[in-house]
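Chemist: Before we start, here is the structure in question, set down as structure tokens.
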Amino acid sequence: MKSLLTLPLFAALLLICPIGCRKRQPAPPSPAPETTAPATPPPKLTTGHVVPSTLKEFESSVVLADLNKNLQIFLTQKQRLPADLNELGRDSGMSIPNPPAGTKLVIDAKSKSVKVLPQ
């Protein structure tokens, strides 16, 4: 009778022991913080917006705001103004839109911004 009680107890121990005694996988090492990684430049802005057709619309448009953001990124990265809008466009990957008829886009060195002026 005693052996009948011992057998199920022994079988239960055999089933439980492999679960609790198995070899544990070591935790993967955490990556070391990169202190020597080169600084990545901020993302360059592009636009897919419709170009406004009037001077007033263009001055308050998202297109002009994007041009000015790209100019600020250029200034931060290169520490200088671009020679012209074509250099800004090449560097930013943004196509420079045609301004409304009778106007032109210029980079104002004093305010460090892109402005729309009459021709």
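Residue names in the structure tokens use chain letters A, B, ... in the order shown, residue numbers from 1 in each chain, and ligand numbers from 1 in the order shown.
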Need the shell around A:Thr54: protein/DNA/RNA residues with any atom at most 10 Å away, counting only C-alpha atoms. Skip same-chain ones fewer than 2 positions apart. Format as number ranges by chain?
Modeler: A: 51-52, 56-59, 99-103
Chemist: At a cut-off of 10 Å, using only C-alpha atoms, what residues contact A:Asp84? Leave out same-chain residues fewer than 3 positions from it and give the result as a list in words.
Modeler: Leu81, Glu87, Leu88, Gly89, Leu105, Val106 and Ile107 of chain A
Chemist: Just the number, please: distance in Å from atom CA of A:Gln79 to atom CA of A:Gly93, one decimal.
Modeler: 18.5 Å
Chemist: Of the candidates A:Leu117, A:Leu64, A:Leu55, A:Leu75, which shows the shortest atom-to-atom distance to A:Pro97, using only C-alpha atoms?
Modeler: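 Once distances to A:Pro97 are computed over only C-alpha atoms, the minimum belongs to A:Leu64.
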Chemist: Would you pick out the contacts of A:Leu85 at 12 Å or less, using only C-alpha atoms, so that residues sharing its chain but fewer than 4 positions from it are not included, and give the list as a list in words?
Modeler: Leu67, Asn68, Asn70, Leu71, Phe74, Leu81, Gly89, Arg90, Asp91, Ser92, Gly93, Met94, Ser95, Ile96, Pro97, Asn98, Lys104, Leu105, Val106, Ile107, Asp108, Ser113, Val114 and Lys115 of chain A
